[in-house]
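Colleague: Input query30.tsv, format and content: TSV, C-alpha atoms and all ligand atoms.
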chain	number	residue	atom	x	y	z
P	430	MET	CA	127.53	106.97	128.45
P	431	LYS	CA	126.58	106.24	132.06
P	432	THR	CA	123.75	103.74	132.07
P	433	ASN	CA	121.61	103.32	135.13
P	434	ASP	CA	118.87	101.08	133.84
P	435	PHE	CA	118.76	97.66	132.30
P	436	GLU	CA	116.70	98.58	129.24
P	437	THR	CA	119.17	101.31	128.26
P	438	MET	CA	122.02	98.82	128.56
P	439	TYR	CA	120.08	96.42	126.33
P	440	VAL	CA	119.43	99.10	123.67
P	441	ALA	CA	123.11	100.11	123.77
P	442	GLY	CA	123.94	96.44	123.14
P	443	LEU	CA	121.56	96.36	120.17
P	444	GLN	CA	123.22	99.44	118.70
P	445	GLU	CA	126.66	97.92	119.12
P	446	ALA	CA	125.42	94.70	117.53
P	447	GLU	CA	123.95	96.52	114.54
P	448	ALA	CA	127.26	98.27	113.84
P	449	LEU	CA	129.08	94.99	114.33
P	450	ALA	CA	126.81	93.19	111.84
P	451	VAL	CA	127.71	95.80	109.19
P	452	THR	CA	131.43	95.32	109.95
P	453	VAL	CA	131.07	91.54	109.66
P	454	ALA	CA	129.12	91.81	106.40
P	455	ASP	CA	131.75	94.15	104.90
P	456	GLY	CA	134.67	92.03	106.15
P	457	LEU	CA	133.28	88.72	104.88
P	458	THR	CA	132.34	90.29	101.53
P	459	GLU	CA	135.97	91.36	101.14
P	460	LEU	CA	137.45	88.02	102.28
P	461	TYR	CA	135.25	85.29	100.81
P	462	PRO	CA	136.64	85.56	97.23
P	463	GLN	CA	140.09	84.77	98.65
P	464	ALA	CA	139.02	81.35	99.95
P	465	ASP	CA	140.39	78.59	97.74
P	466	ASP	CA	137.97	75.84	98.73
P	467	PRO	CA	134.60	76.22	96.93
P	468	GLU	CA	132.55	75.11	99.96
P	469	LEU	CA	134.36	77.58	102.20
P	470	ARG	CA	133.93	80.36	99.65
P	471	GLU	CA	130.18	79.69	99.45
P	472	THR	CA	129.80	79.40	103.25
P	473	LEU	CA	131.49	82.76	103.78
P	474	ARG	CA	129.59	84.39	100.90
P	475	ALA	CA	126.25	83.17	102.29
P	476	HIS	CA	127.15	84.32	105.79
P	477	ALA	CA	128.10	87.77	104.51
P	478	ILE	CA	124.52	88.00	103.20
P	479	ASP	CA	123.20	86.76	106.59
P	480	ALA	CA	125.19	89.48	108.36
P	481	ARG	CA	123.85	92.16	106.01
P	482	GLU	CA	120.28	90.97	106.65
P	483	ASN	CA	120.95	90.86	110.39
P	484	ALA	CA	122.02	94.50	110.36
P	485	VAL	CA	118.59	95.30	108.85
P	486	ARG	CA	116.81	93.11	111.45
P	487	LEU	CA	118.68	94.86	114.27
P	488	LYS	CA	117.89	98.25	112.80
P	489	SER	CA	114.18	97.41	112.82
P	490	LEU	CA	114.45	96.29	116.48
P	491	LEU	CA	116.11	99.60	117.28
P	492	ASN	CA	113.30	101.49	115.58
P	493	CYS	CA	111.03	100.26	118.40
P	494	HIS	CA	113.34	101.74	121.03
P	495	GLY	CA	114.78	104.94	119.63
P	496	ARG	CA	118.48	105.49	119.39
P	497	LEU	CA	120.82	106.41	122.18
P	498	LEU	CA	123.08	109.34	121.45
P	499	ASP	CA	126.31	107.78	122.60
P	500	THR	CA	127.23	104.11	122.68
P	501	ASP	CA	130.49	102.21	122.72
P	502	VAL	CA	132.02	100.98	119.50
P	503	ASP	CA	133.10	97.34	119.49
P	504	GLY	CA	136.47	97.37	117.69
P	505	SER	CA	137.40	93.77	118.47
P	506	VAL	CA	136.08	92.41	115.18
P	507	ASP	CA	138.01	95.06	113.22
P	508	ALA	CA	141.17	93.73	114.88
P	509	LEU	CA	140.27	90.14	113.95
P	510	PHE	CA	139.58	91.12	110.32
P	511	ALA	CA	142.99	92.84	110.25
P	512	LEU	CA	144.55	89.55	111.40
P	513	ALA	CA	142.61	87.68	108.70
P	514	ARG	CA	143.85	90.10	106.00
P	515	HIS	CA	147.39	89.64	107.29
P	516	ALA	CA	147.05	85.84	107.20
P	517	MET	CA	145.97	86.10	103.55
P	518	THR	CA	149.32	87.71	102.71
P	519	THR	CA	151.58	85.54	104.89
P	520	THR	CA	150.21	82.04	104.17
P	521	ALA	CA	150.58	80.23	100.84
P	522	ARG	CA	147.31	79.91	98.93
P	523	GLY	CA	145.58	76.53	99.43
P	524	PRO	CA	144.17	74.44	102.28
P	525	LEU	CA	146.52	75.87	104.91
P	526	ARG	CA	145.52	79.44	104.11
P	527	ASP	CA	141.85	78.45	104.10
P	528	MET	CA	142.35	76.91	107.55
P	529	ALA	CA	143.94	80.15	108.78
P	530	LEU	CA	140.98	82.08	107.39
P	531	ILE	CA	138.50	79.72	109.06
P	532	SER	CA	140.29	80.04	112.39
P	533	LEU	CA	139.94	83.82	112.31
P	534	VAL	CA	136.36	83.85	111.06
P	535	GLN	CA	135.46	81.40	113.84
P	536	ARG	CA	136.90	83.81	116.41
P	537	ILE	CA	134.57	86.44	114.96
P	538	GLU	CA	131.62	84.03	115.04
P	539	HIS	CA	132.33	83.12	118.66
P	540	HIS	CA	132.36	86.79	119.53
P	541	GLU	CA	129.00	87.24	117.79
P	542	ILE	CA	127.58	84.16	119.54
P	543	ALA	CA	128.50	85.70	122.91
P	544	ILE	CA	126.89	89.02	121.94
P	545	TYR	CA	123.64	87.59	120.54
P	546	GLY	CA	123.36	85.07	123.38
P	547	THR	CA	123.55	87.90	125.92
P	548	LEU	CA	121.11	90.11	124.01
P	549	ALA	CA	118.59	87.27	123.59
P	550	ALA	CA	118.79	86.61	127.34
P	551	TYR	CA	118.30	90.32	128.09
P	552	ALA	CA	115.29	90.49	125.75
P	553	LYS	CA	113.76	87.53	127.59
P	554	ILE	CA	114.30	89.16	131.00
P	555	LEU	CA	112.74	92.38	129.69
P	556	GLY	CA	109.69	90.48	128.42
P	557	ARG	CA	110.37	91.38	124.79
P	558	GLN	CA	109.43	88.03	123.33
P	559	ASP	CA	109.51	89.06	119.64
P	560	GLU	CA	112.99	90.50	120.07
P	561	LYS	CA	114.17	87.41	121.95
P	562	VAL	CA	112.99	85.27	119.00
P	563	ALA	CA	114.70	87.54	116.42
P	564	LEU	CA	117.97	87.59	118.38
P	565	GLY	CA	117.76	83.84	118.97
P	566	ALA	CA	117.42	83.31	115.20
P	567	ILE	CA	120.60	85.34	114.57
P	568	LEU	CA	122.35	83.36	117.31
P	569	GLU	CA	121.37	80.07	115.67
P	570	GLU	CA	122.65	81.26	112.27
P	571	ASP	CA	126.02	82.05	113.82
P	572	ARG	CA	126.15	78.71	115.63
P	573	ALA	CA	125.29	76.86	112.40
P	574	THR	CA	127.98	78.78	110.47
P	575	ASP	CA	130.51	78.00	113.20
P	576	GLU	CA	129.68	74.28	112.94
P	577	ASP	CA	129.93	74.37	109.13
P	578	LEU	CA	133.34	76.04	109.38
P	579	THR	CA	134.55	73.40	111.85
P	580	ALA	CA	133.48	70.65	109.42
P	581	ILE	CA	135.29	72.34	106.50
P	582	ALA	CA	138.46	72.91	108.56
P	583	THR	CA	138.42	69.28	109.69
P	584	ARG	CA	138.20	68.14	106.06
P	585	LEU	CA	140.94	70.51	104.92
P	586	ALA	CA	143.24	69.43	107.77
P	587	GLN	CA	143.03	65.70	107.00
P	588	PRO	CA	146.14	65.43	104.77
P	589	PHE	CA	148.45	67.42	107.02
P	590	PRO	CA	149.47	64.94	109.74
P	591	ARG	CA	150.33	62.33	107.09
P	592	VAL	CA	152.37	64.79	105.01
P	593	SER	CA	154.22	65.95	108.13
P	594	LEU	CA	154.90	62.35	109.15
P	595	GLU	CA	156.22	61.44	105.69
P	596	ARG	CA	158.44	64.52	105.74
P	597	SER	CA	159.77	63.57	109.19
P	598	LEU	CA	160.45	60.02	108.04
P	599	SER	CA	162.29	61.18	104.93
P	600	VAL	CA	164.42	63.55	107.03
P	601	ALA	CA	165.14	60.75	109.50
P	602	ALA	CA	166.14	58.34	106.69
P	603	ALA	CA	168.48	60.85	105.01
Y	1	FE	FE	128.18	85.61	112.08
Show me, as structure tokens, the structure contained in the file I just sent.
Modeller:
Amino acid sequence: MKTNDFETMYVAGLQEAEALAVTVADGLTELYPQADDPELRETLRAHAIDARENAVRLKSLLNCHGRLLDTDVDGSVDALFALARHAMTTTARGPLRDMALISLVQRIEHHEIAIYGTLAAYAKILGRQDEKVALGAILEEDRATDEDLTAIATRLAQPFPRVSLERSLSVAAA
């Protein structure tokens, strides 16, 4: 697609974001049962529902614009979900594996934050106030989830430096 106007670029971004939201919803739905920590499991489960609802919100925004025939497909999140699946098979179940999962889901969230931040800014420039508000709400959900994941990872990581230190000391004493 060769775009020569701003509104078309914005609509192409909405289409990409809608497809991405479906990918995120599917990926999180697959991964959340594998989280060991109950709070992490619930956070990921709830965010999978958010992503599914966001795909519907984006679809309704697109209904106001009409669809473009040909837009890019954002495959970056597919690659990150592949890494997350791999981490689930290469890391022992427990806090460490949950931390690996959080790290990868946060990469996905940061990607979404960049996308929704840009689209909300575009909607504002285009004078589409309702769409700016809807995109801003999605952006805030992603930011809140990112913060929740940081808090869970920080809690899960607490024992590790001490365990590593004790292990080092016991090796040194042997
Ligand atoms: Fe998200």
Colleague: Under the rule that only C-alpha atoms and all ligand atoms are counted, which of P:Leu568, P:Leu498, P:Leu530, P:Ala563 is the nearest residue to ligand FE 1 (chain Y)?
Modeller: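 For ligand FE 1 (chain Y), the nearest of the given residues is P:Leu568.
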Colleague: Which residue out of P:Asp527, P:Glu541, P:Glu560, P:Glu436 has the minimum interatomic distance to Ala586 of chain P when all atoms listed in the file are used?
Modeller: P:Asp527
Colleague: Distance atom CA of Ala477 of chain P-atom CA of Leu457 of chain P, one decimal place?
Modeller: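 Atom-to-atom, atom CA of Ala477 of chain P and atom CA of Leu457 of chain P are spaced 5.3 Å apart.
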Colleague: Expressed in Å to a single decimal, how great is the separation between atom CA of Val451 of chain P and atom CA of Ala521 of chain P?
Modeller: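 Going from atom CA of Val451 of chain P over to atom CA of Ala521 of chain P covers 28.9 Å.
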Colleague: Quick one: pull the distance between atom CA of Pro524 of chain P and atom CA of Leu473 of chain P, Å, one decimal.
Modeller: 15.2 Å
Colleague: Please identify the residues whose atoms come within 7 Å of ligand FE 1 (chain Y), using all atoms listed in the file, and report them as JSON, numbers by chain.
Modeller: {"P": [476, 480, 538, 541, 571]}
Colleague: Around the point (134.0, 76.7, 112.3), in the coordinates given by the file, pick out the residues reaching within 9 Å, counting all atoms listed in the file, and return them as an NGL selection string.
Modeller: :P and (531-532 or 534-536 or 538 or 572-582)
Colleague: Between P:Val440, P:Ala450, P:Leu555, P:Leu491, which one has atoms that come closest to Ile542 of chain P, using all atoms listed in the file?
Modeller: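 Closest to Ile542 of chain P, using all atoms listed in the file: P:Ala450.
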Colleague: Counting all atoms listed in the file, which of P:Leu449, P:Ala513, P:Asp434, P:Asp465 gets nearest to Ala484 of chain P?
Modeller: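 Residue with the minimum atom-to-atom distance to Ala484 of chain P: P:Leu449.
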Colleague: Would you be able to write out as a PyMOL selection string which residues have an atom within 9 Å of (130.2, 90.8, 100.0) in the file's coordinates, counting all atoms listed in the file?
Modeller: chain P and resi 454-462+473-475+477-478+481
Colleague: Go ahead and save the picked residues with C-alpha atoms, as a PDB file, keeping the file's coordinate frame.
Modeller:
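What landed in again.pdb:
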ATOM      1  CA  ALA P 454     129.120  91.810 106.400  1.00  0.00           C
ATOM      2  CA  ASP P 455     131.750  94.150 104.900  1.00  0.00           C
ATOM      3  CA  GLY P 456     134.670  92.030 106.150  1.00  0.00           C
ATOM      4  CA  LEU P 457     133.280  88.720 104.880  1.00  0.00           C
ATOM      5  CA  THR P 458     132.340  90.290 101.530  1.00  0.00           C
ATOM      6  CA  GLU P 459     135.970  91.360 101.140  1.00  0.00           C
ATOM      7  CA  LEU P 460     137.450  88.020 102.280  1.00  0.00           C
ATOM      8  CA  TYR P 461     135.250  85.290 100.810  1.00  0.00           C
ATOM      9  CA  PRO P 462     136.640  85.560  97.230  1.00  0.00           C
ATOM     10  CA  LEU P 473     131.490  82.760 103.780  1.00  0.00           C
ATOM     11  CA  ARG P 474     129.590  84.390 100.900  1.00  0.00           C
ATOM     12  CA  ALA P 475     126.250  83.170 102.290  1.00  0.00           C
ATOM     13  CA  ALA P 477     128.100  87.770 104.510  1.00  0.00           C
ATOM     14  CA  ILE P 478     124.520  88.000 103.200  1.00  0.00           C
ATOM     15  CA  ARG P 481     123.850  92.160 106.010  1.00  0.00           C
TER      16      ARG P 481
END
Colleague: Since the input is missing atoms for segment 526-558 of chain P, could you rebuild it with N, CA and C atoms and give the result as a compact mmCIF listing (two decimals), in the coordinates of the input?
Modeller:
# COMPACT_ATOMS: atom_id res chain seq x y z
N ARG P 526 146.01 78.06 104.01
CA ARG P 526 145.52 79.44 104.11
C ARG P 526 144.02 79.47 104.40
N ASP P 527 143.29 78.55 103.79
CA ASP P 527 141.85 78.45 104.10
C ASP P 527 141.63 78.14 105.57
N MET P 528 142.48 77.25 106.12
CA MET P 528 142.35 76.91 107.55
C MET P 528 142.64 78.13 108.42
N ALA P 529 143.63 78.92 108.03
CA ALA P 529 143.94 80.15 108.78
C ALA P 529 142.75 81.10 108.73
N LEU P 530 142.15 81.21 107.55
CA LEU P 530 140.98 82.08 107.39
C LEU P 530 139.82 81.59 108.26
N ILE P 531 139.58 80.28 108.24
CA ILE P 531 138.50 79.72 109.06
C ILE P 531 138.75 80.01 110.54
N SER P 532 139.97 79.82 110.97
CA SER P 532 140.29 80.04 112.39
C SER P 532 139.93 81.46 112.81
N LEU P 533 140.22 82.43 111.95
CA LEU P 533 139.94 83.82 112.31
C LEU P 533 138.46 84.14 112.20
N VAL P 534 137.80 83.60 111.17
CA VAL P 534 136.36 83.85 111.06
C VAL P 534 135.63 83.19 112.24
N GLN P 535 136.11 82.04 112.68
CA GLN P 535 135.46 81.40 113.84
C GLN P 535 135.63 82.24 115.11
N ARG P 536 136.76 82.90 115.25
CA ARG P 536 136.90 83.81 116.41
C ARG P 536 135.84 84.91 116.34
N ILE P 537 135.60 85.40 115.13
CA ILE P 537 134.57 86.44 114.96
C ILE P 537 133.19 85.86 115.28
N GLU P 538 132.92 84.66 114.78
CA GLU P 538 131.62 84.03 115.04
C GLU P 538 131.41 83.79 116.54
N HIS P 539 132.47 83.36 117.22
CA HIS P 539 132.33 83.12 118.66
C HIS P 539 132.03 84.42 119.40
N HIS P 540 132.63 85.48 118.95
CA HIS P 540 132.36 86.79 119.53
C HIS P 540 130.88 87.15 119.30
N GLU P 541 130.41 86.95 118.09
CA GLU P 541 129.00 87.24 117.79
C GLU P 541 128.07 86.35 118.61
N ILE P 542 128.42 85.08 118.76
CA ILE P 542 127.58 84.16 119.54
C ILE P 542 127.45 84.66 120.98
N ALA P 543 128.55 85.15 121.54
CA ALA P 543 128.50 85.70 122.91
C ALA P 543 127.57 86.92 122.96
N ILE P 544 127.70 87.79 121.95
CA ILE P 544 126.89 89.02 121.94
C ILE P 544 125.40 88.70 121.78
N TYR P 545 125.07 87.87 120.79
CA TYR P 545 123.64 87.59 120.54
C TYR P 545 123.04 86.73 121.65
N GLY P 546 123.85 85.86 122.25
CA GLY P 546 123.36 85.07 123.38
C GLY P 546 122.98 85.97 124.55
N THR P 547 123.84 86.96 124.83
CA THR P 547 123.55 87.90 125.92
C THR P 547 122.31 88.73 125.60
N LEU P 548 122.24 89.26 124.36
CA LEU P 548 121.11 90.11 124.01
C LEU P 548 119.79 89.34 124.02
N ALA P 549 119.82 88.09 123.56
CA ALA P 549 118.59 87.27 123.59
C ALA P 549 118.16 87.04 125.04
N ALA P 550 119.12 86.81 125.92
CA ALA P 550 118.79 86.61 127.34
C ALA P 550 118.23 87.90 127.94
N TYR P 551 118.81 89.04 127.59
CA TYR P 551 118.30 90.32 128.09
C TYR P 551 116.86 90.56 127.60
N ALA P 552 116.63 90.27 126.31
CA ALA P 552 115.29 90.49 125.75
C ALA P 552 114.27 89.64 126.50
N LYS P 553 114.67 88.42 126.83
CA LYS P 553 113.76 87.53 127.59
C LYS P 553 113.45 88.12 128.96
N ILE P 554 114.49 88.58 129.65
CA ILE P 554 114.30 89.16 131.00
C ILE P 554 113.38 90.38 130.92
N LEU P 555 113.53 91.15 129.84
CA LEU P 555 112.74 92.38 129.69
C LEU P 555 111.33 92.11 129.17
N GLY P 556 111.03 90.84 128.89
CA GLY P 556 109.69 90.48 128.42
C GLY P 556 109.44 90.86 126.98
N ARG P 557 110.51 91.03 126.21
CA ARG P 557 110.37 91.38 124.79
C ARG P 557 110.50 90.10 123.96
N GLN P 558 109.41 89.37 123.92
CA GLN P 558 109.43 88.03 123.33
C GLN P 558 109.80 88.06 121.84
